[in-house]
>>> print(open('query.pdb').read())   # PDB, C-alpha atoms
MODEL        1
ATOM      1  CA  MET A   1     -98.219  52.050  43.350
ATOM      2  CA  LYS A   2     -95.946  51.463  40.389
ATOM      3  CA  GLN A   3     -92.244  51.367  39.635
ATOM      4  CA  ARG A   4     -90.995  54.775  38.480
ATOM      5  CA  LEU A   5     -87.548  55.765  37.213
ATOM      6  CA  PHE A   6     -85.581  57.506  39.957
ATOM      7  CA  LYS A   7     -82.236  59.234  40.306
ATOM      8  CA  GLN A   8     -80.409  60.826  43.192
ATOM      9  CA  VAL A   9     -78.162  63.574  41.886
ATOM     10  CA  ASP A  10     -75.428  65.647  43.525
ATOM     11  CA  VAL A  11     -75.587  69.248  42.271
ATOM     12  CA  PHE A  12     -73.018  72.056  42.109
ATOM     13  CA  THR A  13     -70.081  69.683  42.204
ATOM     14  CA  PRO A  14     -67.992  67.684  39.720
ATOM     15  CA  VAL A  15     -67.135  65.266  42.575
ATOM     16  CA  PRO A  16     -69.853  62.966  43.980
ATOM     17  CA  TYR A  17     -70.977  63.623  47.561
ATOM     18  CA  LEU A  18     -69.455  67.125  47.823
ATOM     19  CA  GLY A  19     -72.474  69.085  46.545
ATOM     20  CA  ASN A  20     -76.191  69.253  47.337
ATOM     21  CA  PRO A  21     -78.175  66.036  46.871
ATOM     22  CA  LEU A  22     -81.501  65.951  45.048
ATOM     23  CA  ALA A  23     -84.038  63.156  44.621
ATOM     24  CA  VAL A  24     -85.670  63.085  41.163
ATOM     25  CA  VAL A  25     -88.730  61.020  40.246
ATOM     26  CA  LEU A  26     -88.639  61.063  36.447
ATOM     27  CA  ASP A  27     -92.349  60.274  35.999
ATOM     28  CA  GLY A  28     -94.630  61.970  38.500
ATOM     29  CA  SER A  29     -97.789  61.361  36.454
ATOM     30  CA  GLY A  30    -100.802  60.291  38.506
ATOM     31  CA  LEU A  31     -99.309  61.270  41.862
ATOM     32  CA  ASP A  32    -101.381  63.663  43.953
ATOM     33  CA  ASP A  33     -99.963  66.370  46.182
ATOM     34  CA  ALA A  34    -100.150  64.199  49.294
ATOM     35  CA  ALA A  35     -98.182  61.370  47.670
ATOM     36  CA  MET A  36     -95.490  63.746  46.462
ATOM     37  CA  GLN A  37     -95.227  65.378  49.877
ATOM     38  CA  ARG A  38     -95.106  62.021  51.634
ATOM     39  CA  PHE A  39     -92.226  60.828  49.463
ATOM     40  CA  ALA A  40     -90.332  64.106  49.852
ATOM     41  CA  ARG A  41     -90.679  63.803  53.619
ATOM     42  CA  TRP A  42     -89.388  60.228  53.426
ATOM     43  CA  THR A  43     -86.286  61.055  51.365
ATOM     44  CA  ASN A  44     -85.449  63.673  54.023
ATOM     45  CA  LEU A  45     -83.426  65.643  51.477
ATOM     46  CA  SER A  46     -83.704  69.397  51.213
ATOM     47  CA  GLU A  47     -85.616  68.931  47.923
ATOM     48  CA  THR A  48     -87.281  66.163  45.943
ATOM     49  CA  THR A  49     -88.603  66.806  42.428
ATOM     50  CA  PHE A  50     -91.236  65.170  40.258
ATOM     51  CA  LEU A  51     -91.057  65.521  36.463
ATOM     52  CA  LEU A  52     -94.291  65.821  34.507
ATOM     53  CA  PRO A  53     -95.397  66.538  30.931
ATOM     54  CA  PRO A  54     -95.354  70.292  30.228
ATOM     55  CA  GLU A  55     -98.535  72.349  30.141
ATOM     56  CA  GLU A  56     -96.898  75.155  28.143
ATOM     57  CA  ALA A  57     -96.215  74.498  24.453
ATOM     58  CA  THR A  58     -92.673  75.900  24.603
ATOM     59  CA  ALA A  59     -91.636  73.957  27.732
ATOM     60  CA  ASP A  60     -89.721  70.687  27.509
ATOM     61  CA  TYR A  61     -90.917  69.326  30.852
ATOM     62  CA  ARG A  62     -92.646  70.471  34.046
ATOM     63  CA  VAL A  63     -91.213  70.073  37.533
ATOM     64  CA  ARG A  64     -92.752  70.215  40.984
ATOM     65  CA  ILE A  65     -90.326  70.844  43.832
ATOM     66  CA  PHE A  66     -90.959  69.658  47.398
ATOM     67  CA  THR A  67     -89.054  70.064  50.644
ATOM     68  CA  PRO A  68     -89.898  67.740  53.560
ATOM     69  CA  GLY A  69     -92.272  70.471  54.734
ATOM     70  CA  GLY A  70     -93.927  71.794  51.592
ATOM     71  CA  GLU A  71     -93.803  72.757  47.916
ATOM     72  CA  LEU A  72     -91.519  75.469  46.492
ATOM     73  CA  PRO A  73     -92.328  77.652  43.478
ATOM     74  CA  PHE A  74     -88.690  77.595  42.366
ATOM     75  CA  ALA A  75     -85.287  76.457  43.590
ATOM     76  CA  GLY A  76     -81.870  76.458  41.963
ATOM     77  CA  HIS A  77     -80.223  73.125  42.668
ATOM     78  CA  PRO A  78     -83.465  71.223  41.894
ATOM     79  CA  THR A  79     -83.625  73.064  38.557
ATOM     80  CA  LEU A  80     -80.127  72.006  37.489
ATOM     81  CA  GLY A  81     -80.361  68.523  39.007
ATOM     82  CA  SER A  82     -83.756  67.813  37.430
ATOM     83  CA  CYS A  83     -82.516  68.985  34.029
ATOM     84  CA  HIS A  84     -79.400  66.804  34.376
ATOM     85  CA  ALA A  85     -81.577  63.779  35.209
ATOM     86  CA  TRP A  86     -84.046  64.530  32.375
ATOM     87  CA  LEU A  87     -81.257  64.803  29.797
ATOM     88  CA  GLN A  88     -79.492  61.703  31.127
ATOM     89  CA  ALA A  89     -82.757  59.759  30.827
ATOM     90  CA  GLY A  90     -82.995  60.660  27.139
ATOM     91  CA  GLY A  91     -84.898  63.950  27.207
ATOM     92  CA  GLN A  92     -84.692  65.878  23.932
ATOM     93  CA  PRO A  93     -85.200  69.660  24.117
ATOM     94  CA  GLN A  94     -87.224  71.406  21.421
ATOM     95  CA  SER A  95     -84.544  74.072  20.977
ATOM     96  CA  ALA A  96     -80.876  73.592  20.165
ATOM     97  CA  GLU A  97     -80.086  76.663  22.270
ATOM     98  CA  PHE A  98     -81.976  76.108  25.555
ATOM     99  CA  ILE A  99     -83.815  73.544  27.638
ATOM    100  CA  VAL A 100     -87.041  75.113  28.947
ATOM    101  CA  GLN A 101     -88.352  74.040  32.347
ATOM    102  CA  GLN A 102     -91.854  74.846  33.546
ATOM    103  CA  CYS A 103     -92.350  75.354  37.281
ATOM    104  CA  GLN A 104     -94.585  77.458  39.494
ATOM    105  CA  VAL A 105     -92.668  80.691  38.833
ATOM    106  CA  GLY A 106     -93.105  80.159  35.086
ATOM    107  CA  LEU A 107     -90.701  79.114  32.330
ATOM    108  CA  VAL A 108     -87.001  78.877  33.204
ATOM    109  CA  LYS A 109     -84.356  78.685  30.478
ATOM    110  CA  ILE A 110     -81.383  76.381  31.008
ATOM    111  CA  ARG A 111     -78.303  76.399  28.803
ATOM    112  CA  ARG A 112     -75.419  73.942  28.424
ATOM    113  CA  GLU A 113     -71.911  75.182  29.183
ATOM    114  CA  GLY A 114     -69.671  72.217  28.422
ATOM    115  CA  ASN A 115     -70.131  69.843  31.369
ATOM    116  CA  ARG A 116     -72.171  72.427  33.249
ATOM    117  CA  LEU A 117     -75.788  73.495  33.055
ATOM    118  CA  ALA A 118     -76.828  77.062  33.890
ATOM    119  CA  PHE A 119     -80.297  78.460  34.525
ATOM    120  CA  ALA A 120     -81.486  81.975  33.822
ATOM    121  CA  ALA A 121     -82.159  83.568  37.188
ATOM    122  CA  PRO A 122     -85.822  84.542  37.499
ATOM    123  CA  PRO A 123     -86.702  88.201  38.124
ATOM    124  CA  LEU A 124     -85.653  89.492  41.522
ATOM    125  CA  ARG A 125     -87.604  91.733  43.851
ATOM    126  CA  ARG A 126     -85.475  93.270  46.575
ATOM    127  CA  SER A 127     -85.949  95.765  49.356
ATOM    128  CA  ALA A 128     -84.287  96.998  52.512
ATOM    129  CA  PRO A 129     -85.041  94.914  55.619
ATOM    130  CA  SER A 130     -86.445  96.579  58.692
ATOM    131  CA  PRO A 131     -83.768  97.667  61.198
ATOM    132  CA  VAL A 132     -85.536  95.614  63.886
ATOM    133  CA  LEU A 133     -85.381  92.397  61.840
ATOM    134  CA  LEU A 134     -81.778  93.049  60.838
ATOM    135  CA  ALA A 135     -80.740  93.586  64.462
ATOM    136  CA  LYS A 136     -82.466  90.397  65.614
ATOM    137  CA  VAL A 137     -80.898  88.316  62.807
ATOM    138  CA  ALA A 138     -77.450  89.787  63.497
ATOM    139  CA  ALA A 139     -77.820  88.861  67.168
ATOM    140  CA  ALA A 140     -78.854  85.284  66.254
ATOM    141  CA  LEU A 141     -75.778  85.016  64.028
ATOM    142  CA  GLY A 142     -73.454  86.560  66.606
ATOM    143  CA  LEU A 143     -72.570  89.467  64.322
ATOM    144  CA  LYS A 144     -71.550  92.979  65.314
ATOM    145  CA  ALA A 145     -72.931  95.892  63.295
ATOM    146  CA  PRO A 146     -69.594  96.804  61.586
ATOM    147  CA  GLN A 147     -69.341  93.253  60.194
ATOM    148  CA  VAL A 148     -72.505  93.730  58.076
ATOM    149  CA  LEU A 149     -71.605  95.794  54.999
ATOM    150  CA  ALA A 150     -74.996  95.609  53.274
ATOM    151  CA  ALA A 151     -78.351  93.853  53.627
ATOM    152  CA  GLN A 152     -81.333  93.220  51.353
ATOM    153  CA  LEU A 153     -84.501  91.151  51.342
ATOM    154  CA  LEU A 154     -84.228  89.029  48.190
ATOM    155  CA  ASP A 155     -87.265  87.420  46.553
ATOM    156  CA  ASN A 156     -87.065  85.290  43.391
ATOM    157  CA  GLY A 157     -89.687  82.795  44.557
ATOM    158  CA  PRO A 158     -87.985  81.845  47.806
ATOM    159  CA  VAL A 159     -87.349  84.848  50.077
ATOM    160  CA  TRP A 160     -83.927  85.300  51.681
ATOM    161  CA  LEU A 161     -82.458  87.956  53.902
ATOM    162  CA  GLY A 162     -79.112  88.523  52.187
ATOM    163  CA  LEU A 163     -76.179  89.856  54.214
ATOM    164  CA  LEU A 164     -72.854  90.953  52.752
ATOM    165  CA  LEU A 165     -70.215  90.584  55.459
ATOM    166  CA  ASP A 166     -66.756  92.055  55.909
ATOM    167  CA  SER A 167     -64.680  88.931  55.193
ATOM    168  CA  PRO A 168     -64.849  85.234  54.298
ATOM    169  CA  ASP A 169     -63.325  84.462  57.706
ATOM    170  CA  THR A 170     -66.366  86.024  59.350
ATOM    171  CA  VAL A 171     -68.654  83.912  57.171
ATOM    172  CA  LEU A 172     -66.808  80.668  57.908
ATOM    173  CA  GLN A 173     -66.510  81.212  61.653
ATOM    174  CA  LEU A 174     -70.193  81.899  62.369
ATOM    175  CA  THR A 175     -72.018  79.557  64.756
ATOM    176  CA  PRO A 176     -75.659  80.657  64.421
ATOM    177  CA  ASP A 177     -78.390  80.228  66.992
ATOM    178  CA  HIS A 178     -80.663  78.193  64.704
ATOM    179  CA  ALA A 179     -83.508  78.111  67.233
ATOM    180  CA  ALA A 180     -83.549  81.906  67.263
ATOM    181  CA  LEU A 181     -83.525  82.044  63.453
ATOM    182  CA  GLU A 182     -86.406  79.571  63.364
ATOM    183  CA  GLN A 183     -88.434  81.759  65.731
ATOM    184  CA  LEU A 184     -87.749  84.767  63.500
ATOM    185  CA  ASP A 185     -89.156  82.738  60.567
ATOM    186  CA  VAL A 186     -86.564  84.036  58.117
ATOM    187  CA  LYS A 187     -84.113  82.308  55.782
ATOM    188  CA  VAL A 188     -80.706  83.995  55.882
ATOM    189  CA  GLY A 189     -78.023  83.944  53.194
ATOM    190  CA  ILE A 190     -74.632  85.396  54.033
ATOM    191  CA  ALA A 191     -71.706  86.116  51.730
ATOM    192  CA  ALA A 192     -68.318  87.803  51.629
ATOM    193  CA  LEU A 193     -65.846  88.517  48.848
ATOM    194  CA  TYR A 194     -62.292  87.221  48.821
ATOM    195  CA  PRO A 195     -59.536  89.752  48.049
ATOM    196  CA  GLN A 196     -58.642  89.284  44.398
ATOM    197  CA  GLU A 197     -55.014  88.474  45.130
ATOM    198  CA  GLU A 198     -55.906  85.439  47.247
ATOM    199  CA  THR A 199     -55.718  82.034  45.578
ATOM    200  CA  LEU A 200     -57.241  78.870  47.039
ATOM    201  CA  PRO A 201     -57.899  80.798  50.248
ATOM    202  CA  LEU A 202     -59.328  77.860  52.209
ATOM    203  CA  ILE A 203     -56.304  75.597  51.818
ATOM    204  CA  GLY A 204     -54.300  75.446  54.979
ATOM    205  CA  ARG A 205     -57.021  76.763  57.273
ATOM    206  CA  ALA A 206     -56.753  74.967  60.572
ATOM    207  CA  ASN A 207     -60.004  73.058  60.564
ATOM    208  CA  ARG A 208     -61.207  69.806  59.111
ATOM    209  CA  GLU A 209     -63.908  71.305  56.886
ATOM    210  CA  ALA A 210     -61.532  73.764  55.264
ATOM    211  CA  ARG A 211     -58.965  71.038  54.604
ATOM    212  CA  ALA A 212     -61.700  68.943  52.971
ATOM    213  CA  PHE A 213     -62.625  71.874  50.764
ATOM    214  CA  GLY A 214     -58.986  72.460  49.858
ATOM    215  CA  ALA A 215     -58.567  68.835  48.807
ATOM    216  CA  SER A 216     -61.638  68.957  46.589
ATOM    217  CA  ALA A 217     -60.615  72.295  45.092
ATOM    218  CA  LYS A 218     -57.286  70.816  44.038
ATOM    219  CA  GLN A 219     -59.198  68.281  41.950
ATOM    220  CA  THR A 220     -60.718  71.146  39.948
ATOM    221  CA  PRO A 221     -58.145  73.450  38.314
ATOM    222  CA  GLY A 222     -58.958  77.138  38.574
ATOM    223  CA  ALA A 223     -61.427  76.565  41.406
ATOM    224  CA  ALA A 224     -60.309  79.435  43.663
ATOM    225  CA  PRO A 225     -63.566  81.100  44.763
ATOM    226  CA  ASP A 226     -64.392  84.797  44.615
ATOM    227  CA  LEU A 227     -67.283  84.664  47.079
ATOM    228  CA  GLU A 228     -67.939  82.562  50.199
ATOM    229  CA  VAL A 229     -71.613  81.781  50.873
ATOM    230  CA  ARG A 230     -73.620  80.113  53.635
ATOM    231  CA  ALA A 231     -77.390  79.588  53.845
ATOM    232  CA  PHE A 232     -79.378  79.128  57.058
ATOM    233  CA  ALA A 233     -82.986  77.971  56.735
ATOM    234  CA  ALA A 234     -84.102  76.617  60.113
ATOM    235  CA  SER A 235     -87.553  78.086  59.383
ATOM    236  CA  ILE A 236     -88.096  75.269  56.824
ATOM    237  CA  GLY A 237     -86.233  72.599  58.798
ATOM    238  CA  ILE A 238     -82.757  73.006  57.266
ATOM    239  CA  ASN A 239     -80.221  74.511  59.655
ATOM    240  CA  GLU A 240     -77.622  74.924  56.898
ATOM    241  CA  ASP A 241     -78.124  74.170  53.221
ATOM    242  CA  PRO A 242     -75.083  72.682  51.444
ATOM    243  CA  VAL A 243     -75.317  74.666  48.177
ATOM    244  CA  THR A 244     -78.231  76.960  47.299
ATOM    245  CA  GLY A 245     -78.961  77.929  43.701
ATOM    246  CA  SER A 246     -81.862  80.307  44.355
ATOM    247  CA  LEU A 247     -79.881  82.199  46.989
ATOM    248  CA  ASN A 248     -76.788  82.430  44.796
ATOM    249  CA  ALA A 249     -78.980  83.675  41.936
ATOM    250  CA  SER A 250     -80.476  86.476  44.003
ATOM    251  CA  LEU A 251     -77.140  87.335  45.621
ATOM    252  CA  ALA A 252     -75.578  87.669  42.165
ATOM    253  CA  GLN A 253     -78.386  89.887  40.878
ATOM    254  CA  TRP A 254     -78.043  92.129  43.922
ATOM    255  CA  LEU A 255     -74.251  92.191  44.274
ATOM    256  CA  ILE A 256     -73.478  92.669  40.573
ATOM    257  CA  GLU A 257     -76.125  95.360  40.104
ATOM    258  CA  SER A 258     -74.930  97.263  43.178
ATOM    259  CA  GLY A 259     -71.272  97.065  42.134
ATOM    260  CA  HIS A 260     -70.141  94.804  44.973
ATOM    261  CA  ALA A 261     -69.250  91.846  42.711
ATOM    262  CA  PRO A 262     -67.817  91.474  39.197
ATOM    263  CA  GLU A 263     -70.009  90.421  36.276
ATOM    264  CA  ARG A 264     -68.573  86.903  36.372
ATOM    265  CA  TYR A 265     -67.446  85.088  39.509
ATOM    266  CA  LEU A 266     -67.251  81.726  41.303
ATOM    267  CA  ALA A 267     -69.021  81.199  44.625
ATOM    268  CA  SER A 268     -68.137  78.472  47.092
ATOM    269  CA  GLN A 269     -70.588  77.079  49.628
ATOM    270  CA  GLY A 270     -70.743  74.180  52.057
ATOM    271  CA  ALA A 271     -67.229  74.168  53.543
ATOM    272  CA  CYS A 272     -68.481  74.273  57.129
ATOM    273  CA  ILE A 273     -70.559  71.100  56.677
ATOM    274  CA  GLY A 274     -67.989  69.094  54.716
ATOM    275  CA  ARG A 275     -69.120  70.036  51.194
ATOM    276  CA  ALA A 276     -67.347  71.879  48.377
ATOM    277  CA  GLY A 277     -70.090  73.426  46.281
ATOM    278  CA  GLN A 278     -69.073  75.518  43.272
ATOM    279  CA  VAL A 279     -71.560  77.928  41.699
ATOM    280  CA  HIS A 280     -70.645  79.809  38.514
ATOM    281  CA  LEU A 281     -72.355  83.204  38.204
ATOM    282  CA  GLU A 282     -72.396  85.451  35.154
ATOM    283  CA  ARG A 283     -74.361  88.492  33.944
ATOM    284  CA  ASP A 284     -74.522  88.537  30.154
ATOM    285  CA  ALA A 285     -74.607  91.532  27.810
ATOM    286  CA  GLN A 286     -78.413  91.657  28.018
ATOM    287  CA  GLY A 287     -78.301  91.854  31.818
ATOM    288  CA  GLN A 288     -79.482  88.284  32.404
ATOM    289  CA  VAL A 289     -77.792  86.502  35.315
ATOM    290  CA  TRP A 290     -76.946  82.836  34.720
ATOM    291  CA  VAL A 291     -76.363  80.371  37.556
ATOM    292  CA  GLY A 292     -74.317  77.321  36.601
ATOM    293  CA  GLY A 293     -72.867  74.177  38.064
ATOM    294  CA  GLU A 294     -72.018  70.570  37.391
ATOM    295  CA  SER A 295     -74.148  67.612  38.485
ATOM    296  CA  VAL A 296     -73.336  63.955  38.989
ATOM    297  CA  THR A 297     -75.732  61.011  39.362
ATOM    298  CA  CYS A 298     -75.073  58.983  42.529
ATOM    299  CA  ILE A 299     -78.102  56.638  42.552
ATOM    300  CA  ASP A 300     -79.898  55.350  39.457
ATOM    301  CA  GLY A 301     -82.835  52.956  39.584
ATOM    302  CA  GLN A 302     -86.535  52.706  40.368
ATOM    303  CA  VAL A 303     -88.810  53.671  43.214
ATOM    304  CA  ALA A 304     -92.239  52.258  44.090
ATOM    305  CA  LEU A 305     -94.721  55.127  44.181
TER     306      LEU A 305
ENDMDL
END
>>> encode(input="query.pdb", output="structure tokens")
Amino acid sequence: MKQRLFKQVDVFTPVPYLGNPLAVVLDGSGLDDAAMQRFARWTNLSETTFLLPPEEATADYRVRIFTPGGELPFAGHPTLGSCHAWLQAGGQPQSAEFIVQQCQVGLVKIRREGNRLAFAAPPLRRSAPSPVLLAKVAAALGLKAPQVLAAQLLDNGPVWLGLLLDSPDTVLQLTPDHAALEQLDVKVGIAALYPQEETLPLIGRANREARAFGASAKQTPGAAPDLEVRAFAASIGINEDPVTGSLNASLAQWLIESGHAPERYLASQGACIGRAGQVHLERDAQGQVWVGGESVTCIDGQVAL
């Protein structure tokens, strides 16, 4: 064991402790799979990452991403949080235009947008879910058929069943049967669009989580969301994820392409579990979707590994 530089970063928030936490080991050299998995299980965060020298000549660094239960080929908040930690620790990208991260899905470009970082969403494969699966998931969520406007299986590394619902109120009021979702072995991402005329729609809602979100939104001018998102992943041990970059990436690719969402919008996620995640989505002129957010370092030190 040796002392390794370590950071714990909060992602998709400008305010500490309102986003999605990530553990980052800045030097994973010499650690085998078992050691990485053991530490990820110990942190008990949704993801823990290990930074390594790149194997591709054009990459700036390589990252391996672990949940408490296994390794992921790609994930959004670990991508932005790892890049934030790498830059903060003195990392120097080869290009003035992009930072290039290597992970199991390949090379991922990350660009700086003022205080935010944004990653280029990897290619998406999507298809219609089976009616049987959709009916079982809807039952586990307590949804009636008219409340589901559209559904797609979304695969950009992680696979999500994406559901577009009739209103943000429906999204926020769901109380899923997580045991049933775990038995179905499916991760479910749900979303709904706010009417354009609404501003700061969560402020004043009569529940503690919504008031917490409203307070945090006031700290960030222009933070009225366009889309409300929740992510349920009991199949990998996470009943509800605070803020999910991979899901928001695939939702944006689907919703923008199908005409449900504008080419640039702000998604909010985490209100029902006391978080106030903010994810900035944009499709550029070349058709590339970018997924952006701010990150803040909450713990900075060393870990014995």
>>> resolve_selection(input="query.pdb", expression="the PyMOL selection byres ((chain A and resi 20-31) around 9)", output="number ranges by chain")
A: 4-13, 17-19, 32-36, 40, 43, 45-53, 63-64, 77-78, 81-82, 85-86, 89, 241-244, 270, 275, 277, 298, 302-303, 305
>>> write_last_selection(input="query.pdb", atoms="C-alpha atoms", output="PDB file, in the frame of the given file")
ATOM      1  CA  ARG A   4     -90.995  54.775  38.480  1.00  0.00           C
ATOM      2  CA  LEU A   5     -87.548  55.765  37.213  1.00  0.00           C
ATOM      3  CA  PHE A   6     -85.581  57.506  39.957  1.00  0.00           C
ATOM      4  CA  LYS A   7     -82.236  59.234  40.306  1.00  0.00           C
ATOM      5  CA  GLN A   8     -80.409  60.826  43.192  1.00  0.00           C
ATOM      6  CA  VAL A   9     -78.162  63.574  41.886  1.00  0.00           C
ATOM      7  CA  ASP A  10     -75.428  65.647  43.525  1.00  0.00           C
ATOM      8  CA  VAL A  11     -75.587  69.248  42.271  1.00  0.00           C
ATOM      9  CA  PHE A  12     -73.018  72.056  42.109  1.00  0.00           C
ATOM     10  CA  THR A  13     -70.081  69.683  42.204  1.00  0.00           C
ATOM     11  CA  TYR A  17     -70.977  63.623  47.561  1.00  0.00           C
ATOM     12  CA  LEU A  18     -69.455  67.125  47.823  1.00  0.00           C
ATOM     13  CA  GLY A  19     -72.474  69.085  46.545  1.00  0.00           C
ATOM     14  CA  ASP A  32    -101.381  63.663  43.953  1.00  0.00           C
ATOM     15  CA  ASP A  33     -99.963  66.370  46.182  1.00  0.00           C
ATOM     16  CA  ALA A  34    -100.150  64.199  49.294  1.00  0.00           C
ATOM     17  CA  ALA A  35     -98.182  61.370  47.670  1.00  0.00           C
ATOM     18  CA  MET A  36     -95.490  63.746  46.462  1.00  0.00           C
ATOM     19  CA  ALA A  40     -90.332  64.106  49.852  1.00  0.00           C
ATOM     20  CA  THR A  43     -86.286  61.055  51.365  1.00  0.00           C
ATOM     21  CA  LEU A  45     -83.426  65.643  51.477  1.00  0.00           C
ATOM     22  CA  SER A  46     -83.704  69.397  51.213  1.00  0.00           C
ATOM     23  CA  GLU A  47     -85.616  68.931  47.923  1.00  0.00           C
ATOM     24  CA  THR A  48     -87.281  66.163  45.943  1.00  0.00           C
ATOM     25  CA  THR A  49     -88.603  66.806  42.428  1.00  0.00           C
ATOM     26  CA  PHE A  50     -91.236  65.170  40.258  1.00  0.00           C
ATOM     27  CA  LEU A  51     -91.057  65.521  36.463  1.00  0.00           C
ATOM     28  CA  LEU A  52     -94.291  65.821  34.507  1.00  0.00           C
ATOM     29  CA  PRO A  53     -95.397  66.538  30.931  1.00  0.00           C
ATOM     30  CA  VAL A  63     -91.213  70.073  37.533  1.00  0.00           C
ATOM     31  CA  ARG A  64     -92.752  70.215  40.984  1.00  0.00           C
ATOM     32  CA  HIS A  77     -80.223  73.125  42.668  1.00  0.00           C
ATOM     33  CA  PRO A  78     -83.465  71.223  41.894  1.00  0.00           C
ATOM     34  CA  GLY A  81     -80.361  68.523  39.007  1.00  0.00           C
ATOM     35  CA  SER A  82     -83.756  67.813  37.430  1.00  0.00           C
ATOM     36  CA  ALA A  85     -81.577  63.779  35.209  1.00  0.00           C
ATOM     37  CA  TRP A  86     -84.046  64.530  32.375  1.00  0.00           C
ATOM     38  CA  ALA A  89     -82.757  59.759  30.827  1.00  0.00           C
ATOM     39  CA  ASP A 241     -78.124  74.170  53.221  1.00  0.00           C
ATOM     40  CA  PRO A 242     -75.083  72.682  51.444  1.00  0.00           C
ATOM     41  CA  VAL A 243     -75.317  74.666  48.177  1.00  0.00           C
ATOM     42  CA  THR A 244     -78.231  76.960  47.299  1.00  0.00           C
ATOM     43  CA  GLY A 270     -70.743  74.180  52.057  1.00  0.00           C
ATOM     44  CA  ARG A 275     -69.120  70.036  51.194  1.00  0.00           C
ATOM     45  CA  GLY A 277     -70.090  73.426  46.281  1.00  0.00           C
ATOM     46  CA  CYS A 298     -75.073  58.983  42.529  1.00  0.00           C
ATOM     47  CA  GLN A 302     -86.535  52.706  40.368  1.00  0.00           C
ATOM     48  CA  VAL A 303     -88.810  53.671  43.214  1.00  0.00           C
ATOM     49  CA  LEU A 305     -94.721  55.127  44.181  1.00  0.00           C
TER      50      LEU A 305
END
>>> residues_near_point(input="query.pdb", point="(-94.8, 78.5, 44.8)", cutoff="8 Å", atoms="all atoms listed in the file", output="VMD selection string")
chain A and resid 71 to 74 104 to 105 157
>>> closest_residue(input="query.pdb", among="A:Val289, A:Ala304, A:Leu124, A:Trp254", to="Ile110 in chain A", atoms="all atoms listed in the file")
A:Val289
>>> closest_residue(input="query.pdb", among="A:Gln102, A:Asn156, A:Ser235, A:Gln147", to="Asp185 in chain A", atoms="all atoms listed in the file")
A:Ser235
>>> residues_around(input="query.pdb", residues="Ala139 in chain A", least_positions_apart="3", cutoff="12 Å", atoms="all atoms listed in the file", output="list in words")
Val132, Leu133, Leu134, Ala135, Lys136, Gly142, Leu143, Lys144, Ala145, Gln147, Val148, Leu174, Thr175, Pro176, Asp177, His178, Ala180, Leu181 and Leu184 of chain A
>>> resolve_selection(input="query.pdb", expression="the PyMOL selection byres ((chain A and resi 171) around 12)", output="PyMOL selection string")
chain A and resi 141-143+147-148+163-170+172-176+189-194+227-232+268-272
>>> axis_aligned_box(input="query.pdb", around="range 111-119 of chain A", padding_each_side="3 Å", output="AutoDock Vina command-line options")
--center_x -75.0 --center_y 74.2 --center_z 31.5 --size_x 16.6 --size_y 14.6 --size_z 12.1
>>> resolve_selection(input="query.pdb", expression="the PyMOL selection byres ((chain A and resi 97) around 9)", output="PDB file with C-alpha atoms, keeping the file's coordinate frame")
ATOM      1  CA  PRO A  93     -85.200  69.660  24.117  1.00  0.00           C
ATOM      2  CA  GLN A  94     -87.224  71.406  21.421  1.00  0.00           C
ATOM      3  CA  SER A  95     -84.544  74.072  20.977  1.00  0.00           C
ATOM      4  CA  ALA A  96     -80.876  73.592  20.165  1.00  0.00           C
ATOM      5  CA  PHE A  98     -81.976  76.108  25.555  1.00  0.00           C
ATOM      6  CA  ILE A  99     -83.815  73.544  27.638  1.00  0.00           C
ATOM      7  CA  ILE A 110     -81.383  76.381  31.008  1.00  0.00           C
ATOM      8  CA  ARG A 111     -78.303  76.399  28.803  1.00  0.00           C
ATOM      9  CA  ARG A 112     -75.419  73.942  28.424  1.00  0.00           C
TER      10      ARG A 112
END
>>> atom_distance(input="query.pdb", atom1="CA of Gly106 in chain A", atom2="CA of Asp60 in chain A")
12.6 Å
>>> closest_residue(input="query.pdb", among="A:Ser250, A:Gln88, A:Gln3, A:Gln288", to="Glu263 in chain A", atoms="all atoms listed in the file")
A:Gln288
>>> closest_residue(input="query.pdb", among="A:Leu107, A:Ala224, A:Ala75, A:Ala121", to="Arg283 in chain A", atoms="all atoms listed in the file")
A:Ala121
>>> atom_distance(input="query.pdb", atom1="CA of Gln37 in chain A", atom2="CA of Ile236 in chain A")
14.0 Å
>>> atom_distance(input="query.pdb", atom1="CA of Ala179 in chain A", atom2="CA of Ala234 in chain A")
7.3 Å
>>> closest_residue(input="query.pdb", among="A:Thr67, A:Gln253, A:Ser295, A:Asn44", to="Pro123 in chain A", atoms="all atoms listed in the file")
A:Gln253
>>> closest_residue(input="query.pdb", among="A:Lys109, A:Gly70, A:Glu56, A:Gln196", to="Arg41 in chain A", atoms="all atoms listed in the file")
A:Gly70
>>> decode(input="query.pdb", residues="range 287-301 of chain A", atoms="C-alpha atoms", output="mmCIF file, in the first residue's frame")
data_model
loop_
_atom_site.group_PDB
_atom_site.id
_atom_site.type_symbol
_atom_site.label_atom_id
_atom_site.label_comp_id
_atom_site.auth_asym_id
_atom_site.auth_seq_id
_atom_site.Cartn_x
_atom_site.Cartn_y
_atom_site.Cartn_z
ATOM 1 C CA GLY A 287 -25.077 17.308 -34.433
ATOM 2 C CA GLN A 288 -22.844 16.501 -31.459
ATOM 3 C CA VAL A 289 -24.594 16.602 -28.077
ATOM 4 C CA TRP A 290 -22.570 18.128 -25.234
ATOM 5 C CA VAL A 291 -23.321 17.439 -21.570
ATOM 6 C CA GLY A 292 -22.022 20.075 -19.170
ATOM 7 C CA GLY A 293 -21.939 20.936 -15.512
ATOM 8 C CA GLU A 294 -19.900 22.499 -12.758
ATOM 9 C CA SER A 295 -17.860 20.544 -10.208
ATOM 10 C CA VAL A 296 -16.539 21.455 -6.786
ATOM 11 C CA THR A 297 -13.902 19.660 -4.694
ATOM 12 C CA CYS A 298 -15.155 18.798 -1.191
ATOM 13 C CA ILE A 299 -12.307 16.581 0.090
ATOM 14 C CA ASP A 300 -8.652 16.911 -0.914
ATOM 15 C CA GLY A 301 -5.891 14.722 0.483
#
